[in-house]
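Asker: What follows is a structure written as structure tokens; I'll ask about it next.
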Amino acid sequence: MDVSDAALVAQTQAGDGNAFRVLVERHSRKIYRLAFRLTGNEADAEDVVQEAFLKAYRNLGNFNGQSQFSSWIYSIASNHALDLLKSRKRRPVQSLTEEQESSGPQLTNLLASGTPDPERLASGNEMRQVIVVALDEMTPQERVAFTLRHFEGRCMEEIGASLQLTTGATRNAVFRAVQKVRRALHLVEGGPPWRTKAESGT
Amino acid sequence: MADESGIRHITEEEMICHYYGEESPGGLQAHLDECRQCSEEFSTLKRAMAAVDSFAAPNPPPDFEERTWRAIVQRDGSLAGRAAWWRRLLFPKRLMWAGGLAAMVIGAFLAGRLSITPRVTETAAAPEAVRERLLVAALSDHLEQSERLLLEIDNSELNDERQVAENLLAANRLYRQTAALEGKSSLATTLDDLERVLTDVAHAPDRPTAAQVRQLQARIEDQQLLFKVQMLGQRLRQLNQQPIERKG
């Protein structure tokens, strides 16, 4: 007998703070996972979650219910993470956890350590580090678009609407992000080169 | 530009679109089925994307929702005000004291009533008045908590309410017995009605059906229980605002 998000939003708009609490309890874990993938660390992820719900609460009067609350809060969280990533890009590359921070998961470091065993790559922490590096190589916009597309399964139109991009620009951001992932994996695994658009003749 | 054999292969962008189920050129799947080169490249893409899935987000701590809520409330005072009474409801540990507190207050009240030792000092009658005032305050608080619970049952389901009802039940029983002992029949009757509802809520199933919740709500409404509890609580609060008369 779960109360719908729409009903909870209406109750919150009518002054019931508890209804908003239920929304926080219902969505905060999912937002946390999204935020972690976007920011790469737990402290920033928690900050994104809190900031997203605060912004949502303060702007609930503008929420017209045309979209779902879950899409709306995702959009707010994504944009806050995007701002965070942009400000971070001006600083040295961040890493995932303290452990990884100390190990310095740069692709060059990984490559310098010798050709990794593919099996070890597939099962070990090294693969994860390659992905972390690839994510860090992305621009903030690419990372957000890619995360929303790949991990959250959002369609290009929805991502574009969230990030105020055209569908074409969103698609390009996702393409570039995927290329960076593939390049990182290719460099480490020594896989086959990828055919570019020009090479394929289209 | 096609390859030497004149075959137009699939571009990376088209393949990524296809991978994500986005709109892609017609005949792409047919080409993938026939072209070994593109098929292998598509497999490589799928492997790469599967590798990305290894980037799992950690599970937040078990109390993450509670922590998040507290942080939000701390940062926005207006939300704190709106949720204040709920926070009290949602911290059943506080209510765990209700039964014990009631027992202490009633115990002290009855001990004073039953005492036959004559008091001749200036404040001889004051202890009894204070005890009575304490009982009224405690009962008033009990009714306020019960009122919140009844309001919540009126509005939704029975998730946190069962624990709250269980905690209130023990105190209610003591208050009802005391009221009956003191000859306050009207008060005892209202507390008796309240006790039946509290019992039903406390023993409600994990997942009550909509019909069961509606039945409970109907009973509260039929008995005008919420109204009675509100009126009683209001009367007690007014009573407690009057100054204590001292006998000398």
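To be explicit about the labels: the chains of the structure tokens are called A, B, and onward in the order shown, and within each one the residues are counted from 1, while ligands get numbers from 1 in the order they are shown.
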Do you know which residues are at most 8 Å from A:Tyr74 counting only C-alpha atoms, after dropping those on the same chain fewer than 4 positions away, and could you put them as a list in words?

Answerer: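 Final neighbour list, sorted by chain and number: Ile31, Ser70 and Ser78 of chain A.
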
Asker: Restricting the calculation to only C-alpha atoms, which member of A:Ala145, A:Leu165, A:Ala35, A:Val9 is positioned closest to chain B?

Answerer: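 Among the listed residues, the smallest separation from chain B belongs to A:Ala35.
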
Asker: Please provide as a list in words all residues within 8 Å of stretch 68-75 of chain B, with the sequence filter that same-chain residues fewer than 2 positions apart are discarded (counting only C-alpha atoms).

Answerer: Arg21, Val24, Glu25, Ser28, Glu46, Val49, Gln50, Phe53 and Leu54 of chain A; Phe64, Glu65, Glu66, Gly77, Ser78, Leu79 and Ala80 of chain B

Asker: So that I can see what lies close to A:Phe151, please list as a list in words the residues with an atom at most 9 Å from it, counting only C-alpha atoms and leaving out residues fewer than 3 positions away in the same chain.

Answerer: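 Answer for this query is Leu34, Arg37, Phe146, Thr147, Leu148 and Arg154 of chain A; Asp53 of chain B.
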
Asker: Go ahead and save the residues from that selection, with all heavy atoms, as an mmCIF file, in the first residue's frame.

Answerer:
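The result, stored in out.cif:
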```
data_model
loop_
_atom_site.group_PDB
_atom_site.id
_atom_site.type_symbol
_atom_site.label_atom_id
_atom_site.label_comp_id
_atom_site.auth_asym_id
_atom_site.auth_seq_id
_atom_site.Cartn_x
_atom_site.Cartn_y
_atom_site.Cartn_z
ATOM 1 N N LEU A 34 23.954 6.630 -7.958
ATOM 2 C CA LEU A 34 24.185 7.492 -9.126
ATOM 3 C C LEU A 34 25.298 8.494 -8.809
ATOM 4 O O LEU A 34 26.248 8.664 -9.590
ATOM 5 C CB LEU A 34 22.892 8.243 -9.481
ATOM 6 C CG LEU A 34 23.034 9.411 -10.451
ATOM 7 C CD1 LEU A 34 23.297 8.920 -11.865
ATOM 8 C CD2 LEU A 34 21.769 10.280 -10.447
ATOM 9 N N ARG A 37 28.766 7.025 -8.718
ATOM 10 C CA ARG A 37 29.325 6.761 -10.050
ATOM 11 C C ARG A 37 29.727 8.057 -10.744
ATOM 12 O O ARG A 37 30.648 8.072 -11.553
ATOM 13 C CB ARG A 37 28.310 5.998 -10.891
ATOM 14 C CG ARG A 37 28.239 4.549 -10.474
ATOM 15 C CD ARG A 37 27.241 3.790 -11.282
ATOM 16 N NE ARG A 37 27.392 2.364 -11.049
ATOM 17 C CZ ARG A 37 26.380 1.561 -10.783
ATOM 18 N NH1 ARG A 37 25.157 2.032 -10.717
ATOM 19 N NH2 ARG A 37 26.593 0.279 -10.586
ATOM 20 N N PHE A 146 27.150 9.635 -19.902
ATOM 21 C CA PHE A 146 27.468 8.208 -19.986
ATOM 22 C C PHE A 146 26.884 7.448 -18.788
ATOM 23 O O PHE A 146 26.302 6.365 -18.941
ATOM 24 C CB PHE A 146 28.985 8.015 -20.047
ATOM 25 C CG PHE A 146 29.405 6.575 -20.024
ATOM 26 C CD1 PHE A 146 29.221 5.769 -21.150
ATOM 27 C CD2 PHE A 146 29.975 6.013 -18.895
ATOM 28 C CE1 PHE A 146 29.589 4.432 -21.126
ATOM 29 C CE2 PHE A 146 30.352 4.681 -18.856
ATOM 30 C CZ PHE A 146 30.162 3.881 -19.981
ATOM 31 N N THR A 147 27.050 8.016 -17.589
ATOM 32 C CA THR A 147 26.543 7.340 -16.386
ATOM 33 C C THR A 147 25.030 7.187 -16.457
ATOM 34 O O THR A 147 24.479 6.121 -16.136
ATOM 35 C CB THR A 147 26.937 8.139 -15.121
ATOM 36 O OG1 THR A 147 28.357 8.230 -15.076
ATOM 37 C CG2 THR A 147 26.447 7.475 -13.853
ATOM 38 N N LEU A 148 24.366 8.254 -16.863
ATOM 39 C CA LEU A 148 22.900 8.177 -16.943
ATOM 40 C C LEU A 148 22.468 7.166 -18.007
ATOM 41 O O LEU A 148 21.482 6.470 -17.842
ATOM 42 C CB LEU A 148 22.311 9.561 -17.249
ATOM 43 C CG LEU A 148 22.392 10.579 -16.103
ATOM 44 C CD1 LEU A 148 21.953 11.955 -16.573
ATOM 45 C CD2 LEU A 148 21.536 10.144 -14.916
ATOM 46 N N ARG A 154 18.867 5.589 -18.734
ATOM 47 C CA ARG A 154 18.013 6.707 -19.198
ATOM 48 C C ARG A 154 18.182 6.875 -20.709
ATOM 49 O O ARG A 154 19.290 6.695 -21.230
ATOM 50 C CB ARG A 154 18.396 7.998 -18.490
ATOM 51 C CG ARG A 154 18.398 7.905 -16.976
ATOM 52 C CD ARG A 154 17.058 8.236 -16.402
ATOM 53 N NE ARG A 154 16.879 7.603 -15.093
ATOM 54 C CZ ARG A 154 15.857 7.826 -14.293
ATOM 55 N NH1 ARG A 154 14.903 8.647 -14.660
ATOM 56 N NH2 ARG A 154 15.757 7.202 -13.141
ATOM 57 N N ASP B 53 30.663 -2.387 -16.145
ATOM 58 C CA ASP B 53 29.735 -2.764 -15.078
ATOM 59 C C ASP B 53 30.469 -3.188 -13.796
ATOM 60 O O ASP B 53 29.846 -3.312 -12.744
ATOM 61 C CB ASP B 53 28.819 -3.898 -15.544
ATOM 62 C CG ASP B 53 27.869 -3.409 -16.626
ATOM 63 O OD1 ASP B 53 27.561 -2.204 -16.644
ATOM 64 O OD2 ASP B 53 27.434 -4.230 -17.459
#
```
